[in-house]
$ cat structure-v7.tsv   # TSV, C-alpha atoms and all ligand atoms
chain	number	residue	atom	x	y	z
A	1	MET	CA	-48.48	58.66	-15.87
A	2	MET	CA	-49.40	60.48	-12.65
A	3	SER	CA	-50.16	64.17	-12.49
A	4	THR	CA	-48.03	66.31	-10.15
A	5	GLU	CA	-51.16	67.12	-8.07
A	6	LEU	CA	-51.85	63.44	-7.57
A	7	GLN	CA	-48.22	62.79	-6.65
A	8	ALA	CA	-48.33	65.60	-4.09
A	9	GLU	CA	-51.55	64.29	-2.58
A	10	ILE	CA	-50.15	60.77	-2.30
A	11	ALA	CA	-46.87	62.02	-0.82
A	12	THR	CA	-48.79	63.96	1.86
A	13	LEU	CA	-50.84	60.91	2.79
A	14	ALA	CA	-47.71	58.75	2.85
A	15	SER	CA	-46.05	61.15	5.28
A	16	GLN	CA	-48.98	60.61	7.66
A	17	THR	CA	-49.31	56.82	7.23
A	18	GLU	CA	-46.80	54.23	8.30
A	19	GLY	CA	-48.16	51.29	6.33
A	20	PRO	CA	-49.15	50.79	2.68
A	21	PHE	CA	-52.44	52.22	1.49
A	22	TYR	CA	-54.92	52.37	-1.35
A	23	PHE	CA	-55.84	55.65	-2.89
A	24	TYR	CA	-59.09	55.91	-4.86
A	25	SER	CA	-60.28	58.74	-7.06
A	26	LEU	CA	-64.06	59.11	-6.93
A	27	SER	CA	-63.98	61.56	-9.83
A	28	GLY	CA	-62.21	58.89	-11.91
A	29	ILE	CA	-65.13	56.53	-11.18
A	30	GLN	CA	-67.59	59.27	-12.13
A	31	GLN	CA	-65.81	59.81	-15.45
A	32	THR	CA	-65.85	56.10	-16.25
A	33	TRP	CA	-69.55	55.94	-15.43
A	34	GLN	CA	-70.18	58.94	-17.68
A	35	ARG	CA	-68.29	57.29	-20.53
A	36	LEU	CA	-70.45	54.19	-20.19
A	37	ARG	CA	-73.69	56.14	-20.01
A	38	GLU	CA	-72.78	58.08	-23.15
A	39	ARG	CA	-72.20	54.90	-25.14
A	40	PHE	CA	-75.25	52.88	-24.07
A	41	PRO	CA	-78.98	53.62	-24.24
A	42	SER	CA	-80.46	55.02	-21.05
A	43	ASP	CA	-82.76	52.02	-20.62
A	44	LEU	CA	-79.78	49.65	-20.33
A	45	GLU	CA	-79.33	49.09	-16.61
A	46	ILE	CA	-75.76	49.02	-15.34
A	47	LEU	CA	-75.01	47.02	-12.22
A	48	TYR	CA	-71.86	47.41	-10.20
A	49	SER	CA	-70.28	44.17	-9.00
A	50	ALA	CA	-69.45	44.93	-5.39
A	51	LYS	CA	-66.84	42.18	-5.23
A	52	ALA	CA	-64.47	44.45	-7.17
A	53	ASN	CA	-64.40	46.96	-4.33
A	54	SER	CA	-67.04	47.35	-1.63
A	55	HIS	CA	-65.60	50.42	0.07
A	56	PRO	CA	-68.68	52.26	1.44
A	57	GLU	CA	-67.82	55.51	-0.36
A	58	ILE	CA	-67.37	53.74	-3.67
A	59	LEU	CA	-70.73	52.02	-3.22
A	60	LYS	CA	-72.34	55.37	-2.35
A	61	THR	CA	-70.75	57.05	-5.36
A	62	LEU	CA	-72.08	54.42	-7.75
A	63	LEU	CA	-75.49	54.53	-6.09
A	64	THR	CA	-75.63	58.29	-6.61
A	65	LEU	CA	-74.56	57.89	-10.22
A	66	GLY	CA	-77.50	55.55	-10.83
A	67	ALA	CA	-76.02	52.06	-10.65
A	68	ALA	CA	-77.76	49.03	-9.24
A	69	VAL	CA	-75.54	46.59	-7.38
A	70	ASP	CA	-74.61	42.95	-7.71
A	71	VAL	CA	-73.69	41.33	-4.38
A	72	ALA	CA	-72.33	37.85	-3.79
A	73	SER	CA	-72.53	37.31	-0.04
A	74	LEU	CA	-74.49	38.40	3.01
A	75	GLY	CA	-71.56	40.69	3.88
A	76	GLU	CA	-71.84	42.45	0.52
A	77	LEU	CA	-75.64	42.55	0.81
A	78	ASN	CA	-75.30	44.34	4.15
A	79	ALA	CA	-72.61	46.68	2.79
A	80	ALA	CA	-74.85	47.60	-0.15
A	81	ARG	CA	-77.82	48.28	2.11
A	82	ASP	CA	-75.68	50.29	4.53
A	83	ALA	CA	-74.50	52.38	1.57
A	84	GLY	CA	-78.14	53.15	0.76
A	85	PHE	CA	-79.07	50.70	-1.99
A	86	THR	CA	-82.72	49.78	-1.64
A	87	ALA	CA	-83.70	46.15	-2.14
A	88	LYS	CA	-85.10	47.08	-5.57
A	89	ARG	CA	-81.59	47.92	-6.72
A	90	ILE	CA	-79.89	44.77	-5.48
A	91	GLU	CA	-79.08	41.56	-7.31
A	92	PHE	CA	-77.67	38.57	-5.40
A	93	THR	CA	-75.47	36.12	-7.33
A	94	GLY	CA	-73.09	33.30	-6.39
A	95	PRO	CA	-73.08	29.55	-6.86
A	96	GLY	CA	-72.91	28.75	-3.13
A	97	LYS	CA	-75.45	30.90	-1.34
A	98	THR	CA	-76.18	29.41	2.07
A	99	PRO	CA	-79.72	28.79	3.33
A	100	SER	CA	-79.42	31.78	5.65
A	101	GLU	CA	-78.19	34.01	2.81
A	102	LEU	CA	-81.15	32.92	0.67
A	103	ARG	CA	-83.55	33.53	3.52
A	104	ALA	CA	-82.08	36.98	4.15
A	105	ALA	CA	-82.27	37.87	0.44
A	106	ILE	CA	-85.92	36.77	0.31
A	107	GLU	CA	-86.85	38.58	3.52
A	108	VAL	CA	-85.14	41.76	2.36
A	109	GLY	CA	-86.89	41.33	-0.99
A	110	VAL	CA	-83.89	41.82	-3.26
A	111	ASP	CA	-84.96	42.68	-6.78
A	112	THR	CA	-83.05	39.83	-8.37
A	113	LEU	CA	-82.12	36.61	-6.71
A	114	VAL	CA	-79.97	34.70	-9.18
A	115	VAL	CA	-80.32	30.92	-9.10
A	116	GLU	CA	-77.20	28.98	-10.02
A	117	SER	CA	-78.25	25.32	-9.67
A	118	ILE	CA	-81.34	23.13	-9.76
A	119	GLN	CA	-80.91	22.30	-6.06
A	120	GLU	CA	-80.75	26.00	-5.23
A	121	LEU	CA	-84.01	26.50	-7.15
A	122	GLU	CA	-85.60	23.76	-5.05
A	123	LEU	CA	-84.24	25.24	-1.82
A	124	ILE	CA	-85.63	28.67	-2.70
A	125	GLU	CA	-89.00	27.05	-3.40
A	126	SER	CA	-88.92	25.49	0.05
A	127	ILE	CA	-87.79	28.67	1.89
A	128	ALA	CA	-90.34	30.79	0.01
A	129	SER	CA	-93.06	28.29	0.91
A	130	GLN	CA	-92.09	28.47	4.62
A	131	LEU	CA	-92.18	32.26	4.43
A	132	GLY	CA	-95.43	32.22	2.49
A	133	LYS	CA	-93.91	34.27	-0.35
A	134	LEU	CA	-93.85	34.14	-4.09
A	135	VAL	CA	-90.28	34.83	-5.18
A	136	SER	CA	-89.21	35.93	-8.65
A	137	VAL	CA	-85.73	34.79	-9.58
A	138	SER	CA	-83.32	34.98	-12.48
A	139	LEU	CA	-81.60	31.92	-13.82
A	140	ARG	CA	-77.86	32.11	-14.33
A	141	ILE	CA	-77.23	30.27	-17.57
A	142	HIS	CA	-73.83	28.81	-18.29
A	143	PRO	CA	-73.83	29.26	-22.06
A	144	ALA	CA	-73.02	26.35	-24.32
A	145	ARG	CA	-70.54	28.59	-26.15
A	146	TYR	CA	-68.54	31.63	-25.15
A	147	ILE	CA	-65.36	33.47	-26.05
A	148	THR	CA	-62.57	33.62	-23.48
A	149	ASN	CA	-60.62	36.77	-22.73
A	150	SER	CA	-57.84	35.42	-24.94
A	151	GLY	CA	-60.27	35.22	-27.86
A	152	ARG	CA	-60.84	31.44	-27.91
A	153	LEU	CA	-64.29	30.06	-28.62
A	154	LEU	CA	-65.09	27.40	-26.04
A	155	GLU	CA	-67.93	24.96	-26.53
A	156	GLY	CA	-69.33	22.55	-23.96
A	157	GLU	CA	-66.90	23.73	-21.28
A	158	PRO	CA	-67.86	22.72	-17.70
A	159	SER	CA	-68.34	25.37	-15.01
A	160	GLN	CA	-69.32	25.69	-11.36
A	161	PHE	CA	-71.25	28.83	-12.25
A	162	GLY	CA	-74.86	28.80	-13.32
A	163	ILE	CA	-76.82	26.03	-14.98
A	164	ASP	CA	-75.70	24.54	-18.29
A	165	GLU	CA	-77.68	25.82	-21.25
A	166	ASP	CA	-78.30	22.19	-22.23
A	167	LEU	CA	-80.22	21.70	-18.98
A	168	LEU	CA	-82.76	24.44	-19.68
A	169	PRO	CA	-85.50	21.92	-20.68
A	170	THR	CA	-85.02	20.15	-17.32
A	171	VAL	CA	-85.20	23.47	-15.46
A	172	ALA	CA	-88.38	24.40	-17.34
A	173	ALA	CA	-89.97	21.07	-16.37
A	174	ILE	CA	-89.06	21.52	-12.67
A	175	HIS	CA	-90.24	25.13	-12.81
A	176	LYS	CA	-93.72	23.94	-13.77
A	177	SER	CA	-94.08	22.24	-10.39
A	178	CYS	CA	-92.81	25.24	-8.39
A	179	GLN	CA	-95.51	27.17	-6.57
A	180	HIS	CA	-93.43	29.74	-4.72
A	181	VAL	CA	-90.70	30.52	-7.24
A	182	GLN	CA	-91.08	31.99	-10.68
A	183	ILE	CA	-88.23	32.47	-13.12
A	184	ARG	CA	-88.57	35.92	-14.62
A	185	GLY	CA	-85.08	36.74	-15.77
A	186	THR	CA	-81.76	35.41	-16.99
A	187	HIS	CA	-78.22	36.15	-16.01
A	188	THR	CA	-75.00	35.27	-17.82
A	189	HIS	CA	-71.43	36.16	-16.99
A	190	SER	CA	-69.08	33.94	-18.92
A	191	GLN	CA	-65.80	35.83	-18.88
A	192	SER	CA	-63.96	38.67	-17.18
A	193	ASN	CA	-61.39	41.16	-18.44
A	194	VAL	CA	-62.24	40.98	-22.14
A	195	LEU	CA	-60.56	43.70	-24.22
A	196	SER	CA	-62.01	42.86	-27.63
A	197	ALA	CA	-65.30	44.67	-28.35
A	198	ASP	CA	-66.25	41.99	-30.88
A	199	ASP	CA	-65.75	39.26	-28.27
A	200	VAL	CA	-67.86	41.15	-25.72
A	201	ILE	CA	-70.64	41.43	-28.31
A	202	GLN	CA	-70.30	37.79	-29.28
A	203	ASN	CA	-70.73	36.81	-25.63
A	204	PHE	CA	-73.76	39.13	-25.35
A	205	THR	CA	-75.18	37.35	-28.41
A	206	PHE	CA	-74.73	33.92	-26.83
A	207	ALA	CA	-76.34	35.21	-23.63
A	208	LEU	CA	-79.31	36.65	-25.50
A	209	GLU	CA	-79.84	33.50	-27.52
A	210	ALA	CA	-79.79	31.44	-24.32
A	211	ALA	CA	-82.32	33.85	-22.77
A	212	LEU	CA	-84.60	33.47	-25.78
A	213	ARG	CA	-84.32	29.71	-25.53
A	214	LEU	CA	-85.34	29.78	-21.87
A	215	GLN	CA	-88.22	32.14	-22.53
A	216	ARG	CA	-89.61	29.82	-25.20
A	217	LEU	CA	-89.29	26.80	-22.90
A	218	LEU	CA	-90.94	28.56	-19.94
A	219	GLY	CA	-93.67	30.09	-22.04
A	220	VAL	CA	-93.54	33.34	-20.04
A	221	LYS	CA	-92.11	36.71	-20.96
A	222	LEU	CA	-88.78	37.42	-19.30
A	223	GLU	CA	-88.68	40.71	-17.42
A	224	THR	CA	-84.90	41.08	-17.21
A	225	VAL	CA	-81.96	39.82	-19.23
A	226	ASN	CA	-78.55	40.35	-17.67
A	227	LEU	CA	-75.89	40.00	-20.35
A	228	GLY	CA	-72.96	40.07	-17.93
A	229	GLY	CA	-70.09	42.20	-19.06
A	230	GLY	CA	-66.51	41.26	-18.49
A	231	PHE	CA	-65.31	44.62	-19.85
A	232	GLY	CA	-61.55	44.57	-19.52
A	233	ILE	CA	-58.79	46.95	-18.50
A	234	PRO	CA	-55.52	47.35	-20.45
A	235	TYR	CA	-53.35	46.37	-17.49
A	236	PHE	CA	-50.22	45.47	-19.40
A	237	ASP	CA	-47.90	46.84	-22.08
A	238	GLY	CA	-49.26	46.24	-25.54
A	239	HIS	CA	-52.89	46.06	-24.42
A	240	ALA	CA	-55.33	48.47	-26.09
A	241	PRO	CA	-58.38	49.73	-24.18
A	242	LEU	CA	-61.76	48.24	-24.91
A	243	ASP	CA	-63.47	50.11	-27.76
A	244	LEU	CA	-66.64	51.13	-25.95
A	245	THR	CA	-68.18	52.77	-29.01
A	246	ARG	CA	-67.90	49.49	-30.86
A	247	VAL	CA	-69.49	47.62	-27.94
A	248	GLY	CA	-72.31	50.20	-27.85
A	249	ASP	CA	-72.90	49.87	-31.61
A	250	GLY	CA	-72.85	46.09	-31.35
A	251	PHE	CA	-75.39	46.18	-28.54
A	252	ASP	CA	-77.70	48.45	-30.58
A	253	ALA	CA	-77.43	46.08	-33.54
A	254	LEU	CA	-78.29	43.11	-31.32
A	255	LYS	CA	-81.40	44.81	-30.06
A	256	ARG	CA	-82.50	45.45	-33.65
A	257	ARG	CA	-82.51	41.73	-34.46
A	258	THR	CA	-86.01	40.64	-35.43
A	259	ASP	CA	-86.22	37.83	-32.86
A	260	MET	CA	-85.19	40.28	-30.12
A	261	GLN	CA	-87.72	42.85	-31.34
A	262	SER	CA	-90.58	40.40	-31.50
A	263	GLU	CA	-89.87	38.27	-28.44
A	264	LEU	CA	-87.80	40.29	-25.97
A	265	ALA	CA	-89.11	43.77	-26.64
A	266	SER	CA	-90.54	44.16	-23.14
A	267	ALA	CA	-87.49	42.81	-21.28
A	268	ARG	CA	-85.16	45.15	-19.40
A	269	PHE	CA	-81.53	44.62	-20.37
A	270	ARG	CA	-78.67	44.82	-17.92
A	271	ILE	CA	-74.93	44.61	-17.85
A	272	GLU	CA	-72.81	43.96	-14.80
A	273	LEU	CA	-69.36	45.45	-14.38
A	274	GLY	CA	-66.77	45.40	-11.64
A	275	ARG	CA	-63.24	46.15	-12.76
A	276	TYR	CA	-64.21	48.42	-15.65
A	277	LEU	CA	-65.89	50.83	-13.26
A	278	VAL	CA	-63.25	51.09	-10.58
A	279	ALA	CA	-59.89	49.51	-11.52
A	280	GLU	CA	-58.30	52.55	-13.13
A	281	SER	CA	-59.32	54.83	-10.26
A	282	GLY	CA	-57.29	53.01	-7.63
A	283	PHE	CA	-53.59	52.98	-6.70
A	284	PHE	CA	-51.70	50.90	-4.17
A	285	VAL	CA	-49.00	52.97	-2.47
A	286	THR	CA	-46.12	51.35	-0.67
A	287	LYS	CA	-42.87	52.67	0.74
A	288	VAL	CA	-39.32	51.44	0.14
A	289	LEU	CA	-37.93	50.13	3.43
A	290	TYR	CA	-34.56	48.84	2.24
A	291	THR	CA	-32.58	48.37	-0.94
A	292	LYS	CA	-30.03	45.65	-1.56
A	293	GLU	CA	-28.35	43.54	-4.21
A	294	SER	CA	-28.36	39.81	-4.70
A	295	GLN	CA	-26.32	38.10	-7.40
A	296	GLY	CA	-26.21	41.26	-9.45
A	297	LYS	CA	-29.94	42.02	-9.14
A	298	HIS	CA	-31.26	45.13	-7.43
A	299	TYR	CA	-34.02	44.70	-4.87
A	300	ALA	CA	-36.22	47.20	-3.14
A	301	ILE	CA	-38.02	45.76	-0.12
A	302	LEU	CA	-41.37	47.48	0.32
A	303	ASN	CA	-43.64	47.86	3.31
A	304	GLY	CA	-46.58	46.37	1.37
A	305	GLY	CA	-47.02	43.54	-1.07
A	306	PHE	CA	-48.80	40.24	-1.51
A	307	THR	CA	-50.94	40.36	1.61
A	308	GLN	CA	-52.34	43.79	0.78
A	309	CYS	CA	-52.25	43.65	-3.04
A	310	GLN	CA	-52.17	40.08	-4.24
A	311	LEU	CA	-53.41	41.20	-7.64
A	312	ALA	CA	-50.18	42.99	-8.53
A	313	CYS	CA	-48.17	39.94	-7.45
A	314	GLY	CA	-49.58	37.90	-10.32
A	315	ALA	CA	-52.75	36.40	-8.83
A	316	GLY	CA	-55.00	35.14	-11.61
A	317	GLN	CA	-52.33	35.52	-14.30
A	318	VAL	CA	-51.02	32.54	-16.23
A	319	ILE	CA	-47.81	34.35	-17.06
A	320	ARG	CA	-46.93	36.94	-14.45
A	321	ARG	CA	-46.64	40.46	-15.80
A	322	ASN	CA	-45.91	43.76	-14.11
A	323	PHE	CA	-48.63	46.26	-13.39
A	324	GLN	CA	-47.91	49.84	-14.33
A	325	ILE	CA	-45.71	51.45	-11.65
A	326	SER	CA	-44.92	55.07	-10.78
A	327	VAL	CA	-42.41	56.18	-8.19
A	328	ILE	CA	-42.44	59.30	-6.04
A	329	GLN	CA	-39.01	60.25	-4.71
A	330	LYS	CA	-37.94	62.97	-2.32
A	331	THR	CA	-34.69	63.27	-4.23
A	332	VAL	CA	-35.26	62.36	-7.84
A	333	SER	CA	-32.62	59.97	-9.14
A	334	ALA	CA	-31.38	60.55	-12.69
A	335	ASN	CA	-30.15	56.94	-12.97
A	336	THR	CA	-32.41	54.05	-13.82
A	337	ARG	CA	-31.89	50.37	-13.16
A	338	ARG	CA	-33.78	47.10	-13.51
A	339	THR	CA	-35.30	46.49	-10.07
A	340	GLN	CA	-37.19	43.75	-8.26
A	341	LEU	CA	-39.92	45.25	-6.08
A	342	ALA	CA	-40.40	42.77	-3.24
A	343	GLY	CA	-43.04	42.89	-0.53
A	344	PRO	CA	-42.22	42.46	3.16
A	345	SER	CA	-43.36	38.86	3.66
A	346	CYS	CA	-41.48	35.56	3.70
A	347	TYR	CA	-43.28	34.32	0.57
A	348	SER	CA	-41.14	34.05	-2.57
A	349	GLN	CA	-44.01	35.23	-4.79
A	350	ASP	CA	-44.32	38.44	-2.80
A	351	ILE	CA	-43.06	40.45	-5.78
A	352	ILE	CA	-44.95	43.59	-6.77
A	353	ALA	CA	-42.96	43.99	-9.99
A	354	SER	CA	-40.13	42.04	-11.46
A	355	ASP	CA	-37.19	43.40	-13.43
A	356	VAL	CA	-38.84	46.75	-13.92
A	357	GLY	CA	-36.90	49.78	-15.18
A	358	LEU	CA	-37.12	52.48	-12.46
A	359	PRO	CA	-35.08	55.40	-11.15
A	360	THR	CA	-32.61	54.17	-8.53
A	361	LEU	CA	-34.69	53.78	-5.38
A	362	SER	CA	-33.79	54.69	-1.80
A	363	PRO	CA	-35.51	54.03	1.53
A	364	GLY	CA	-38.53	56.32	1.92
A	365	ASP	CA	-39.33	56.48	-1.81
A	366	LEU	CA	-42.90	55.63	-2.74
A	367	VAL	CA	-43.93	52.97	-5.22
A	368	CYS	CA	-47.45	53.37	-6.66
A	369	VAL	CA	-49.13	50.49	-8.45
A	370	HIS	CA	-51.76	51.63	-10.97
A	371	ASN	CA	-55.12	50.07	-11.90
A	372	VAL	CA	-55.79	48.27	-8.63
A	373	GLY	CA	-59.06	49.95	-7.67
A	374	ALA	CA	-60.74	46.61	-8.44
A	375	TYR	CA	-59.69	43.35	-6.77
A	376	GLY	CA	-56.85	45.14	-5.00
A	377	TYR	CA	-58.05	45.47	-1.43
A	378	SER	CA	-60.96	43.04	-1.86
A	379	PHE	CA	-58.83	40.21	-3.24
A	380	SER	CA	-55.92	40.08	-0.84
A	381	PRO	CA	-55.12	37.39	1.75
A	382	VAL	CA	-54.94	39.61	4.80
A	383	GLY	CA	-54.82	36.58	7.11
A	384	PHE	CA	-51.31	35.72	5.96
A	385	LEU	CA	-48.71	36.66	8.61
A	386	ARG	CA	-51.35	38.74	10.37
A	387	GLN	CA	-49.98	41.82	8.67
A	388	ALA	CA	-52.24	44.82	8.99
A	389	PRO	CA	-54.51	45.40	6.00
A	390	ALA	CA	-53.74	48.45	3.89
A	391	ALA	CA	-55.44	51.71	4.76
A	392	GLU	CA	-57.83	53.18	2.20
A	393	TYR	CA	-58.11	56.86	1.26
A	394	LEU	CA	-60.39	58.58	-1.18
A	395	VAL	CA	-60.30	61.84	-2.96
B	1	LIG	C1	-71.30	36.97	-11.63
B	1	LIG	C2	-70.26	37.99	-11.83
B	1	LIG	N1	-70.61	39.21	-12.27
B	1	LIG	C3	-69.71	40.19	-12.44
B	1	LIG	C4	-68.38	39.97	-12.17
B	1	LIG	C5	-67.44	41.13	-12.33
B	1	LIG	O1	-66.45	40.89	-13.24
B	1	LIG	P1	-65.49	42.09	-13.64
B	1	LIG	O2	-65.00	42.71	-12.39
B	1	LIG	O3	-64.42	41.46	-14.44
B	1	LIG	O4	-66.32	43.08	-14.43
B	1	LIG	C6	-67.95	38.71	-11.74
B	1	LIG	C7	-66.54	38.46	-11.46
B	1	LIG	O5	-66.11	37.47	-10.95
B	1	LIG	C8	-68.92	37.69	-11.56
B	1	LIG	O6	-68.58	36.50	-11.12
$ encode --input "structure-v7.tsv" --output "structure tokens"
Amino acid sequence: MMSTELQAEIATLASQTEGPFYFYSLSGIQQTWQRLRERFPSDLEILYSAKANSHPEILKTLLTLGAAVDVASLGELNAARDAGFTAKRIEFTGPGKTPSELRAAIEVGVDTLVVESIQELELIESIASQLGKLVSVSLRIHPARYITNSGRLLEGEPSQFGIDEDLLPTVAAIHKSCQHVQIRGTHTHSQSNVLSADDVIQNFTFALEAALRLQRLLGVKLETVNLGGGFGIPYFDGHAPLDLTRVGDGFDALKRRTDMQSELASARFRIELGRYLVAESGFFVTKVLYTKESQGKHYAILNGGFTQCQLACGAGQVIRRNFQISVIQKTVSANTRRTQLAGPSCYSQDIIASDVGLPTLSPGDLVCVHNVGAYGYSFSPVGFLRQAPAAEYLV
């Protein structure tokens, strides 16, 4: 739950802000980073996926901590550079990079340009030839097998991301005729929000085996192997946190495999994390505007919801579940009741939490949604109703 200091800080900000807001703790991000660094060898590079939250101060914090950054659009590329990331610490992914995004990435000289289709490889060859450059790229491989975040092994599943592992021989043949592009790395990200350490390691294993396969086909030593990540957050009741020690041990064991030792010894390994780094350090704070009853159910209508925090309203969930909620009340109510927390819009799914046991709420009380530092602000449809986006504060 929330400390009294945090509650006081949030209450002060709320008294100065009319609308809903996000509140991020930079020290929380630092602690998470520290935890990761303690569990993994220092030569494992950790990239931050800016799509999770590209607030300039969060980018700067992760830069200072030693992260490289994964961007997925020109906007994120510019945000990363503005925050101080040099081109050598930038990776550019995404299945639909436009010609101008590719040109910008090549001109800037990003360290890792990740190719996600054969046509993109050919386009990069053509742009690099026009610019008279030799461009090193990484190939995003869609692995033939991977474990989903619900623990299912999928084989031969289609995807818009990356290039199917089965197509690696074709890629290697096309690569031979490229004069301005050289594949020097691999990238794999098959799943997000995985809470099982064994499943994370299994996906790393599939990614490594695919990288080895590509290296053998290309006949050149890979310089980088990005294993992805997908480290999950225990958002809901009954979820246990990811066992990072077990992931770290599994990674060490993978690196000790003889084929890795003999063939990939010189490659730099990377992982790429978004939500794990920032989710738990962010709260969405919204105020109760009105309370009412309908057919025996208690509603609190809030000043923020779906348009500012789509994530808490069930986006991406198959079965909608409530995020963890804390309330801050001027007058603490001793009574609790099952409450529907509804956002202010005219959309029926604008529900921050459904049937949640809370102290009896009154107008002016604050509702804080936990674990929305990732994909909270960045993943919300602010165009809907032209409501103002949430403010963002950091401590
Ligand atoms: C290529 C790639 N890398 C990293 C991530 C970050 O995933 P997460 O925030 O779950 O760590 C994503 C998420 O969509 C992704 O597509």
$ atom_distance --input "structure-v7.tsv" --atom1 "atom CA of Pro381 of chain A" --atom2 "atom CA of His189 of chain A"
24.9 Å
$ residues_around --input "structure-v7.tsv" --residues "Leu36 of chain A" --least-positions-apart "6" --cutoff "9 Å" --atoms "only C-alpha atoms" --output "JSON, numbers by chain"
{"A": [46, 244, 248, 277]}
$ atom_distance --input "structure-v7.tsv" --atom1 "atom CA of Gly296 of chain A" --atom2 "atom CA of Leu366 of chain A"
23.0 Å
$ closest_residue --input "structure-v7.tsv" --among "A:Leu273, A:Ile174, A:Leu63, A:Val278" --to "Tyr48 of chain A" --atoms "only C-alpha atoms"
A:Leu273
$ closest_residue --input "structure-v7.tsv" --among "A:Gln317, A:Asn226, A:Ser266, A:Thr245" --to "ligand LIG 1 (chain B)" --atoms "all atoms listed in the file"
A:Asn226
$ atom_distance --input "structure-v7.tsv" --atom1 "atom CA of Tyr299 of chain A" --atom2 "atom CA of Asp350 of chain A"
12.2 Å
$ axis_aligned_box --input "structure-v7.tsv" --around "ligand LIG 1 (chain B)" --padding-each-side "3 Å" --output "lines of an AutoDock Vina configuration file"
center_x = -67.9
center_y = 39.8
center_z = -12.7
size_x = 12.9
size_y = 12.6
size_z = 9.5
$ residues_near_ligand --input "structure-v7.tsv" --ligand "ligand LIG 1 (chain B)" --cutoff "6 Å" --atoms "only C-alpha atoms and all ligand atoms" --output "list of chain:residue names"
A:Ser49, A:Ala52, A:His189, A:Ser192, A:Asn193, A:Gly230, A:Phe231, A:Glu272, A:Leu273, A:Gly274, A:Arg275, A:Tyr276
$ residues_near_point --input "structure-v7.tsv" --point "(-85.1, 37.8, -5.6)" --cutoff "10 Å" --atoms "only C-alpha atoms" --output "list in words"
Ala87, Lys88, Ile90, Glu91, Phe92, Thr93, Leu102, Ala105, Ile106, Glu107, Val108, Gly109, Val110, Asp111, Thr112, Leu113, Val114, Val115, Ile124, Leu134, Val135, Ser136, Val137, Ser138, Val181, Gln182, Ile183 and Arg184 of chain A
$ closest_residue --input "structure-v7.tsv" --among "A:Thr307, A:Ser262, A:Glu125, A:Phe206" --to "Gly383 of chain A" --atoms "only C-alpha atoms"
A:Thr307
$ residues_around --input "structure-v7.tsv" --residues "Phe85 of chain A" --least-positions-apart "2" --cutoff "12 Å" --atoms "only C-alpha atoms" --output "ChimeraX atom specification"
/A:47-48,50,56,59-71,76-83,87-91,108,110-111
$ closest_residue --input "structure-v7.tsv" --among "A:Ser348, A:Ser150, A:Ser294, A:Thr286" --to "Ala11 of chain A" --atoms "only C-alpha atoms"
A:Thr286
$ closest_residue --input "structure-v7.tsv" --among "A:Arg216, A:Gln130, A:Ala172, A:Arg321" --to "Ile351 of chain A" --atoms "only C-alpha atoms"
A:Arg321
$ closest_residue --input "structure-v7.tsv" --among "A:Leu218, A:Arg152, A:Lys255, A:Cys368" --to "Leu6 of chain A" --atoms "only C-alpha atoms"
A:Cys368
$ residues_around --input "structure-v7.tsv" --residues "Lys287 of chain A" --least-positions-apart "4" --cutoff "9 Å" --atoms "only C-alpha atoms" --output "mmCIF file with C-alpha atoms, keeping the file's coordinate frame"
data_model
loop_
_atom_site.group_PDB
_atom_site.id
_atom_site.type_symbol
_atom_site.label_atom_id
_atom_site.label_comp_id
_atom_site.auth_asym_id
_atom_site.auth_seq_id
_atom_site.Cartn_x
_atom_site.Cartn_y
_atom_site.Cartn_z
ATOM 1 C CA ALA A 14 -47.710 58.750 2.850
ATOM 2 C CA GLU A 18 -46.800 54.230 8.300
ATOM 3 C CA GLY A 19 -48.160 51.290 6.330
ATOM 4 C CA PRO A 20 -49.150 50.790 2.680
ATOM 5 C CA ILE A 301 -38.020 45.760 -0.120
ATOM 6 C CA LEU A 302 -41.370 47.480 0.320
ATOM 7 C CA ASN A 303 -43.640 47.860 3.310
ATOM 8 C CA GLY A 304 -46.580 46.370 1.370
ATOM 9 C CA PRO A 363 -35.510 54.030 1.530
ATOM 10 C CA GLY A 364 -38.530 56.320 1.920
ATOM 11 C CA ASP A 365 -39.330 56.480 -1.810
ATOM 12 C CA LEU A 366 -42.900 55.630 -2.740
ATOM 13 C CA VAL A 367 -43.930 52.970 -5.220
ATOM 14 C CA CYS A 368 -47.450 53.370 -6.660
#
$ residues_around --input "structure-v7.tsv" --residues "Thr170 of chain A" --least-positions-apart "5" --cutoff "10 Å" --atoms "all atoms listed in the file" --output "JSON, numbers by chain"
{"A": [118, 175, 217]}
$ write_last_selection --input "structure-v7.tsv" --atoms "C-alpha atoms" --output "mmCIF file, in the frame of the given file"
data_model
loop_
_atom_site.group_PDB
_atom_site.id
_atom_site.type_symbol
_atom_site.label_atom_id
_atom_site.label_comp_id
_atom_site.auth_asym_id
_atom_site.auth_seq_id
_atom_site.Cartn_x
_atom_site.Cartn_y
_atom_site.Cartn_z
ATOM 1 C CA ILE A 118 -81.340 23.130 -9.760
ATOM 2 C CA HIS A 175 -90.240 25.130 -12.810
ATOM 3 C CA LEU A 217 -89.290 26.800 -22.900
#
$ residues_near_point --input "structure-v7.tsv" --point "(-51.9, 46.4, -24.6)" --cutoff "12 Å" --atoms "all atoms listed in the file" --output "ChimeraX atom specification"
/A:194-196,232-242,321,323-324
$ residues_around --input "structure-v7.tsv" --residues "Ser378 of chain A" --least-positions-apart "2" --cutoff "8 Å" --atoms "only C-alpha atoms" --output "ChimeraX atom specification"
/A:51-54,374-376,380
